[in-house]
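Pasted below: target_28.pdb, PDB, C-alpha atoms and all ligand atoms.
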```
ATOM      1  CA  MET U  34     -36.418  52.349  -4.076  1.00  0.00           C
ATOM      2  CA  SER U  35     -37.980  53.499  -0.890  1.00  0.00           C
ATOM      3  CA  THR U  36     -37.481  56.940   0.550  1.00  0.00           C
ATOM      4  CA  THR U  37     -34.143  57.860   2.085  1.00  0.00           C
ATOM      5  CA  THR U  38     -35.559  58.586   5.517  1.00  0.00           C
ATOM      6  CA  ILE U  39     -33.004  58.018   8.254  1.00  0.00           C
ATOM      7  CA  ARG U  40     -34.295  55.484  10.737  1.00  0.00           C
ATOM      8  CA  THR U  41     -33.085  54.924  14.242  1.00  0.00           C
ATOM      9  CA  CYS U  42     -32.969  51.840  16.451  1.00  0.00           C
ATOM     10  CA  PRO U  43     -36.021  51.712  18.771  1.00  0.00           C
ATOM     11  CA  SER U  44     -33.781  50.133  21.372  1.00  0.00           C
ATOM     12  CA  CYS U  45     -30.665  52.371  21.427  1.00  0.00           C
ATOM     13  CA  SER U  46     -31.419  55.191  18.927  1.00  0.00           C
ATOM     14  CA  ALA U  47     -28.406  54.426  16.698  1.00  0.00           C
ATOM     15  CA  THR U  48     -28.927  55.126  13.002  1.00  0.00           C
ATOM     16  CA  LEU U  49     -29.904  51.894  11.289  1.00  0.00           C
ATOM     17  CA  ASP U  50     -27.692  50.463   8.524  1.00  0.00           C
ATOM     18  CA  VAL U  51     -29.238  49.167   5.316  1.00  0.00           C
ATOM     19  CA  VAL U  52     -28.164  45.566   4.720  1.00  0.00           C
ATOM     20  CA  ASN U  53     -29.115  43.009   2.108  1.00  0.00           C
ATOM     21  CA  HIS U  54     -30.508  39.783   3.500  1.00  0.00           C
ATOM     22  CA  GLU U  55     -31.512  37.092   1.014  1.00  0.00           C
ATOM     23  CA  GLY U  56     -32.226  39.725  -1.606  1.00  0.00           C
ATOM     24  CA  VAL U  57     -34.325  41.907   0.709  1.00  0.00           C
ATOM     25  CA  GLU U  58     -33.100  45.285   2.017  1.00  0.00           C
ATOM     26  CA  LEU U  59     -33.369  45.490   5.779  1.00  0.00           C
ATOM     27  CA  ASP U  60     -32.463  48.147   8.330  1.00  0.00           C
ATOM     28  CA  ARG U  61     -30.174  46.780  11.011  1.00  0.00           C
ATOM     29  CA  CYS U  62     -28.905  48.340  14.224  1.00  0.00           C
ATOM     30  CA  PRO U  63     -25.091  48.547  14.043  1.00  0.00           C
ATOM     31  CA  ALA U  64     -24.935  47.780  17.763  1.00  0.00           C
ATOM     32  CA  GLY U  65     -26.747  44.500  17.169  1.00  0.00           C
ATOM     33  CA  HIS U  66     -30.013  45.363  18.837  1.00  0.00           C
ATOM     34  CA  GLY U  67     -32.212  44.168  16.040  1.00  0.00           C
ATOM     35  CA  ILE U  68     -33.580  44.491  12.539  1.00  0.00           C
ATOM     36  CA  TRP U  69     -36.362  46.583  11.060  1.00  0.00           C
ATOM     37  CA  LEU U  70     -38.342  45.119   8.171  1.00  0.00           C
ATOM     38  CA  ASP U  71     -40.741  47.280   6.196  1.00  0.00           C
ATOM     39  CA  LYS U  72     -44.252  45.976   5.721  1.00  0.00           C
ATOM     40  CA  GLY U  73     -44.089  42.879   3.512  1.00  0.00           C
ATOM     41  CA  GLU U  74     -40.348  42.342   3.891  1.00  0.00           C
ATOM     42  CA  LEU U  75     -40.621  39.761   6.657  1.00  0.00           C
ATOM     43  CA  ARG U  76     -42.917  37.724   4.444  1.00  0.00           C
ATOM     44  CA  ALA U  77     -40.445  37.998   1.554  1.00  0.00           C
ATOM     45  CA  VAL U  78     -37.562  36.845   3.763  1.00  0.00           C
ATOM     46  CA  VAL U  79     -39.556  33.994   5.272  1.00  0.00           C
ATOM     47  CA  LEU U  80     -40.645  32.795   1.841  1.00  0.00           C
ATOM     48  CA  SER U  81     -37.074  32.766   0.532  1.00  0.00           C
ATOM     49  CA  GLU U  82     -35.231  29.557   1.298  1.00  0.00           C
ATOM     50  CA  VAL U  83     -31.721  29.314   2.691  1.00  0.00           C
ATOM     51  CA  ALA U  84     -30.227  26.125   1.326  1.00  0.00           C
ATOM     52  CA  ASP U  85     -27.430  25.675   3.854  1.00  0.00           C
ATOM     53  CA  ARG U  86     -29.275  26.164   7.114  1.00  0.00           C
ATOM     54  CA  PRO U  87     -28.287  23.344   9.453  1.00  0.00           C
ATOM     55  CA  ALA U  88     -31.209  21.001  10.010  1.00  0.00           C
ATOM     56  CA  GLU U  89     -30.514  21.180  13.766  1.00  0.00           C
ATOM     57  CA  GLU U  90     -31.420  24.874  13.753  1.00  0.00           C
ATOM     58  CA  GLU U  91     -34.791  24.035  12.248  1.00  0.00           C
ATOM     59  CA  VAL U  92     -35.381  21.268  14.752  1.00  0.00           C
ATOM     60  CA  GLN U  93     -34.459  23.609  17.615  1.00  0.00           C
ATOM     61  CA  ALA U  94     -36.791  26.299  16.295  1.00  0.00           C
ATOM     62  CA  LEU U  95     -39.673  23.859  15.947  1.00  0.00           C
ATOM     63  CA  ASP U  96     -39.044  22.464  19.438  1.00  0.00           C
ATOM     64  CA  ALA U  97     -38.769  25.951  20.921  1.00  0.00           C
ATOM     65  CA  ALA U  98     -42.061  26.948  19.285  1.00  0.00           C
ATOM     66  CA  ALA U  99     -43.792  23.821  20.540  1.00  0.00           C
ATOM     67  CA  LEU U 100     -42.557  24.410  24.085  1.00  0.00           C
ATOM     68  CA  ASP U 101     -43.060  28.170  24.205  1.00  0.00           C
ATOM     69  CA  HIS U 102     -46.727  28.359  25.273  1.00  0.00           C
ATOM     70  CA  GLY U 103     -46.681  32.131  24.958  1.00  0.00           C
ATOM     71  CA  GLN U 104     -43.664  32.632  27.218  1.00  0.00           C
ATOM     72  CA  GLY U 105     -41.791  34.578  24.541  1.00  0.00           C
ATOM     73  CA  LEU U 106     -44.767  36.875  24.236  1.00  0.00           C
ATOM     74  CA  LEU U 107     -44.888  37.416  28.010  1.00  0.00           C
ATOM     75  CA  ALA U 108     -41.156  38.150  28.135  1.00  0.00           C
ATOM     76  CA  GLU U 109     -41.465  40.676  25.329  1.00  0.00           C
ATOM     77  CA  VAL U 110     -44.451  42.350  26.978  1.00  0.00           C
ATOM     78  CA  ALA U 111     -42.480  42.569  30.232  1.00  0.00           C
ATOM     79  CA  ARG U 112     -39.635  44.250  28.345  1.00  0.00           C
ATOM     80  CA  GLY U 113     -42.075  46.811  26.966  1.00  0.00           C
ATOM     81  CA  ALA U 114     -43.324  47.874  23.556  1.00  0.00           C
ATOM     82  CA  ARG U 115     -40.925  49.744  21.285  1.00  0.00           C
ATOM     83  CA  ASN U 116     -41.722  52.688  19.078  1.00  0.00           C
ATOM     84  CA  CYS U 117     -42.002  52.363  15.307  1.00  0.00           C
ATOM     85  CA  PRO U 118     -38.849  53.769  13.611  1.00  0.00           C
ATOM     86  CA  VAL U 119     -41.082  55.285  10.907  1.00  0.00           C
ATOM     87  CA  CYS U 120     -44.027  56.912  12.757  1.00  0.00           C
ATOM     88  CA  ASN U 121     -42.707  56.678  16.352  1.00  0.00           C
ATOM     89  CA  ASP U 122     -45.983  55.251  17.665  1.00  0.00           C
ATOM     90  CA  PRO U 123     -45.731  52.366  20.171  1.00  0.00           C
ATOM     91  CA  MET U 124     -45.770  49.050  18.331  1.00  0.00           C
ATOM     92  CA  LYS U 125     -47.964  46.071  19.073  1.00  0.00           C
ATOM     93  CA  ILE U 126     -46.257  42.983  20.506  1.00  0.00           C
ATOM     94  CA  THR U 127     -47.361  39.886  18.678  1.00  0.00           C
ATOM     95  CA  GLU U 128     -46.244  36.283  18.180  1.00  0.00           C
ATOM     96  CA  TYR U 129     -45.181  35.487  14.644  1.00  0.00           C
ATOM     97  CA  ALA U 130     -47.323  32.705  13.157  1.00  0.00           C
ATOM     98  CA  GLY U 131     -47.031  30.162  15.965  1.00  0.00           C
ATOM     99  CA  SER U 132     -43.243  30.405  15.966  1.00  0.00           C
ATOM    100  CA  GLY U 133     -42.951  31.237  19.660  1.00  0.00           C
ATOM    101  CA  VAL U 134     -41.069  34.389  18.587  1.00  0.00           C
ATOM    102  CA  ALA U 135     -42.620  37.632  19.817  1.00  0.00           C
ATOM    103  CA  ILE U 136     -42.104  40.635  17.566  1.00  0.00           C
ATOM    104  CA  ASP U 137     -42.976  44.333  17.629  1.00  0.00           C
ATOM    105  CA  GLU U 138     -45.310  45.305  14.836  1.00  0.00           C
ATOM    106  CA  CYS U 139     -46.548  48.627  13.467  1.00  0.00           C
ATOM    107  CA  ARG U 140     -49.584  47.753  11.386  1.00  0.00           C
ATOM    108  CA  LEU U 141     -48.788  50.530   8.959  1.00  0.00           C
ATOM    109  CA  HIS U 142     -45.037  50.290   8.571  1.00  0.00           C
ATOM    110  CA  GLY U 143     -43.475  46.959   9.447  1.00  0.00           C
ATOM    111  CA  VAL U 144     -41.909  44.893  12.200  1.00  0.00           C
ATOM    112  CA  TRP U 145     -38.961  45.115  14.580  1.00  0.00           C
ATOM    113  CA  LEU U 146     -37.074  41.927  15.383  1.00  0.00           C
ATOM    114  CA  ASP U 147     -34.590  41.646  18.222  1.00  0.00           C
ATOM    115  CA  ASP U 148     -31.200  40.102  17.626  1.00  0.00           C
ATOM    116  CA  GLY U 149     -31.609  36.438  16.702  1.00  0.00           C
ATOM    117  CA  GLU U 150     -35.360  36.534  16.162  1.00  0.00           C
ATOM    118  CA  LEU U 151     -35.171  36.631  12.370  1.00  0.00           C
ATOM    119  CA  ALA U 152     -32.964  33.519  12.394  1.00  0.00           C
ATOM    120  CA  ARG U 153     -35.463  31.732  14.647  1.00  0.00           C
ATOM    121  CA  ILE U 154     -38.405  32.704  12.463  1.00  0.00           C
ATOM    122  CA  GLU U 155     -36.603  31.610   9.302  1.00  0.00           C
ATOM    123  CA  ALA U 156     -35.493  28.320  10.841  1.00  0.00           C
ATOM    124  CA  TYR U 157     -39.025  27.726  12.072  1.00  0.00           C
ATOM    125  CA  ALA U 158     -40.551  28.451   8.652  1.00  0.00           C
ATOM    126  CA  GLU U 159     -38.057  26.194   6.912  1.00  0.00           C
ATOM    127  CA  GLY U 160     -38.599  23.482   9.478  1.00  0.00           C
ATOM    128  CA  LEU U 161     -42.326  23.616   8.739  1.00  0.00           C
ATOM    129  CA  ARG U 162     -41.643  23.471   5.011  1.00  0.00           C
ATOM    130  CA  ASN U 163     -39.339  20.510   5.416  1.00  0.00           C
ATOM    131  CA  GLN U 164     -41.827  18.726   7.636  1.00  0.00           C
ATOM    132  CA  ALA U 165     -44.514  19.286   5.014  1.00  0.00           C
ATOM    133  CA  ARG U 166     -42.213  17.678   2.455  1.00  0.00           C
ATOM    134  CA  GLY U 167     -41.344  14.866   4.852  1.00  0.00           C
ATOM    135  CA  GLY U 168     -37.784  16.132   4.657  1.00  0.00           C
ATOM    136  CA  ALA U 169     -34.820  17.333   6.644  1.00  0.00           C
ATOM    137  CA  ALA U 170     -36.235  18.535   9.978  1.00  0.00           C
ATOM    138  CA  GLY U 171     -36.089  15.614  12.342  1.00  0.00           C
ATOM    139  CA  SER U 172     -33.551  13.713  10.286  1.00  0.00           C
ATOM    140  CA  LYS U 173     -29.906  14.701  10.133  1.00  0.00           C
ATOM    141  CA  ALA U 174     -30.011  15.432   6.415  1.00  0.00           C
ATOM    142  CA  ARG U 175     -27.669  18.243   5.382  1.00  0.00           C
ATOM    143  CA  THR U 176     -28.310  20.516   2.455  1.00  0.00           C
ATOM    144  CA  THR U 177     -25.672  22.146   0.284  1.00  0.00           C
ATOM    145  CA  VAL U 178     -24.529  25.759   0.128  1.00  0.00           C
ATOM    146  CA  ALA U 179     -26.200  27.717  -2.634  1.00  0.00           C
ATOM    147  CA  GLY U 180     -26.748  31.300  -3.768  1.00  0.00           C
ATOM    148  CA  LEU U 181     -26.414  33.108  -0.447  1.00  0.00           C
ATOM    149  CA  ASP U 182     -26.768  36.848  -0.702  1.00  0.00           C
ATOM    150  CA  VAL U 183     -26.050  37.760   2.904  1.00  0.00           C
ATOM    151  CA  PRO U 184     -23.206  40.029   4.024  1.00  0.00           C
ATOM    152  CA  ALA U 185     -20.717  38.034   6.051  1.00  0.00           C
ATOM    153  CA  ASP U 186     -21.312  40.107   9.172  1.00  0.00           C
ATOM    154  CA  LEU U 187     -25.074  39.637   9.061  1.00  0.00           C
ATOM    155  CA  LEU U 188     -24.579  35.953   8.417  1.00  0.00           C
ATOM    156  CA  ALA U 189     -22.349  35.790  11.486  1.00  0.00           C
ATOM    157  CA  THR U 190     -25.071  37.536  13.486  1.00  0.00           C
ATOM    158  CA  ILE U 191     -27.809  35.143  12.487  1.00  0.00           C
ATOM    159  CA  ARG U 192     -25.589  32.076  12.822  1.00  0.00           C
ATOM    160  CA  THR U 193     -24.803  32.881  16.427  1.00  0.00           C
ATOM    161  CA  ALA U 194     -28.464  33.552  17.154  1.00  0.00           C
ATOM    162  CA  ASN U 195     -29.502  32.590  20.636  1.00  0.00           C
ATOM    163  CA  VAL U 196     -32.046  29.841  19.999  1.00  0.00           C
ATOM    164  CA  PRO U 197     -33.201  28.528  23.369  1.00  0.00           C
ATOM    165  CA  PRO U 198     -32.537  24.805  23.702  1.00  0.00           C
ATOM    166  CA  PRO U 199     -35.532  22.519  24.150  1.00  0.00           C
ATOM    167  CA  ALA U 200     -36.389  22.269  27.853  1.00  0.00           C
TER     168      ALA U 200
HETATM  169 ZN    ZN U 301     -29.732  49.484  18.688  1.00  0.00          ZN
HETATM  170 ZN    ZN U 302     -45.326  53.070  12.151  1.00  0.00          ZN
END
```
Could you show the structure in this file as structure tokens?
Ligand SMILES: [Zn+2]
Ligand SMILES: [Zn+2]
Amino acid sequence: MSTTTIRTCPSCSATLDVVNHEGVELDRCPAGHGIWLDKGELRAVVLSEVADRPAEEEVQALDAAALDHGQGLLAEVARGARNCPVCNDPMKITEYAGSGVAIDECRLHGVWLDDGELARIEAYAEGLRNQARGGAAGSKARTTVAGLDVPADLLATIRTANVPPPA
């Protein structure tokens, strides 16, 4: 267990709720402004596989990444850096692993993802995995529901994520 420090949303200052997402405890803004992941948690979430993600989401995420050319990063920079919920220092804005998704990162404590960004990163990572296997992304193959450990409300949040359509 980590410490019981109360963390607040860097966007609206609401107290963050602890939610379980694919077996990883995350801090989420109740007003839907985003999710805080402690150092290492984003990696854990990205490495876990969601069996029922629609293949179209992965295709969209891969297309969006391919077409982004740093625009997500520019948009995030224009919006301004947020402060780390743990140390309150301004975070660094960085693109996650070629995904076209710009995130706020505190090198010491973790990352802040805006609403929908975690879903895009996960879909992107799974799309890459499926491509590497010669699998679902690109075809219309559907996978089956299995072992989801996501609260229904969080699932609803990530399912309605605003993934930009390919231009
Ligand atoms: Zn908020
Ligand atoms: Zn920090």
task = Please write the residues picked by the PyMOL selection byres (((not hetatm)) within 6 of (chain U and resi 302)) on this file as a PyMOL selection string.
result = chain U and resi 117+119-120+122+139+141-142
ask   = Which of these, U:Ala98, U:Ala88, U:Leu106, U:Leu151, has the shortest distance to U:His54 once you count all atoms listed in the file?
value = U:Leu151
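Neighbouring residues of ligand ZN 301 (chain U) at a cut-off of 10 Å, counting only C-alpha atoms and all ligand atoms, are Thr41, Cys42, Pro43, Ser44, Cys45, Ser46, Ala47, Thr48, Leu49, Arg61, Cys62, Pro63, Ala64, Gly65, His66, Gly67, Ile68, Asp147 and Asp148 of chain U.
Computed from the coordinates, the atom CA of U:Gly103 to atom CA of U:Gly133 distance equals 6.5 Å.
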May I have the centre and edge lengths, in Å to one decimal, of an axis-aligned box around the listed atoms of stretch 48-54 of chain U with 3 Å added to every side, as JSON?
```
{"center_x": -29.1, "center_y": 47.5, "center_z": 7.6, "size_x": 8.8, "size_y": 21.3, "size_z": 16.9}
```
task = Could you please give me, as number ranges by chain, the residues of protein, DNA or RNA lying at most 8 Å from (-33.3, 27.0, 12.7) in the coordinate frame of the file, considering only C-alpha atoms?
result = U: 86-95, 152-157, 159-160, 196
request  = Identify, on the basis of all atoms listed in the file, every residue whose closest approach to U:Gly73 does not exceed 12 Å; exclude the query and any residue fewer than 6 positions from it along the same chain; express the result as JSON, numbers by chain.
outcome  = {"U": [57, 58, 59, 79, 80, 138, 139, 140, 141, 142, 143, 144]}
Fewer than 6 positions away in the same chain doesn't count, so skip those; otherwise give me all residues within 7 Å of U:Arg115, counting only C-alpha atoms, as a PDB file with C-alpha atoms, in the frame of the given file.
```pdb
ATOM      1  CA  PRO U  43     -36.021  51.712  18.771  1.00  0.00           C
ATOM      2  CA  PRO U 123     -45.731  52.366  20.171  1.00  0.00           C
ATOM      3  CA  MET U 124     -45.770  49.050  18.331  1.00  0.00           C
ATOM      4  CA  ASP U 137     -42.976  44.333  17.629  1.00  0.00           C
TER       5      ASP U 137
END
```
Residue members of the PyMOL selection byres (((chain U and resi 105) around 8) and not hetatm) in the file shown, as an mmCIF file with C-alpha atoms, keeping the file's coordinate frame:
```cif
data_model
loop_
_atom_site.group_PDB
_atom_site.id
_atom_site.type_symbol
_atom_site.label_atom_id
_atom_site.label_comp_id
_atom_site.auth_asym_id
_atom_site.auth_seq_id
_atom_site.Cartn_x
_atom_site.Cartn_y
_atom_site.Cartn_z
ATOM 1 C CA ASP U 101 -43.060 28.170 24.205
ATOM 2 C CA HIS U 102 -46.727 28.359 25.273
ATOM 3 C CA GLY U 103 -46.681 32.131 24.958
ATOM 4 C CA GLN U 104 -43.664 32.632 27.218
ATOM 5 C CA LEU U 106 -44.767 36.875 24.236
ATOM 6 C CA LEU U 107 -44.888 37.416 28.010
ATOM 7 C CA ALA U 108 -41.156 38.150 28.135
ATOM 8 C CA GLU U 109 -41.465 40.676 25.329
ATOM 9 C CA GLU U 128 -46.244 36.283 18.180
ATOM 10 C CA GLY U 133 -42.951 31.237 19.660
ATOM 11 C CA VAL U 134 -41.069 34.389 18.587
ATOM 12 C CA ALA U 135 -42.620 37.632 19.817
#
```
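Interatomic distance, atom CA of U:Glu74 to atom CA of U:Gly131: 18.4 Å.
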Atomic distance atom CA of U:Ala165 - atom CA of U:Gly149, expressed in Å with one decimal =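 One can read the atom CA of U:Ala165 to atom CA of U:Gly149 distance as 24.4 Å.
With all atoms listed in the file as the basis for measurement, U:Ser132 is the residue among U:Pro118, U:Ser132, U:Arg76, U:Asp85 that approaches U:Leu100 most closely.
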query = Of the residues U:Ile126, U:Ala84, U:Ala77, U:Val51, which is the one nearest to U:Ile39, using all atoms listed in the file?
reply =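 Ranked by minimum distance to U:Ile39, first place goes to U:Val51.
The closest residue to U:Ser81, picked from U:Glu55, U:Glu150, U:Asp60, U:Asp50 and counting all atoms listed in the file, is U:Glu55.
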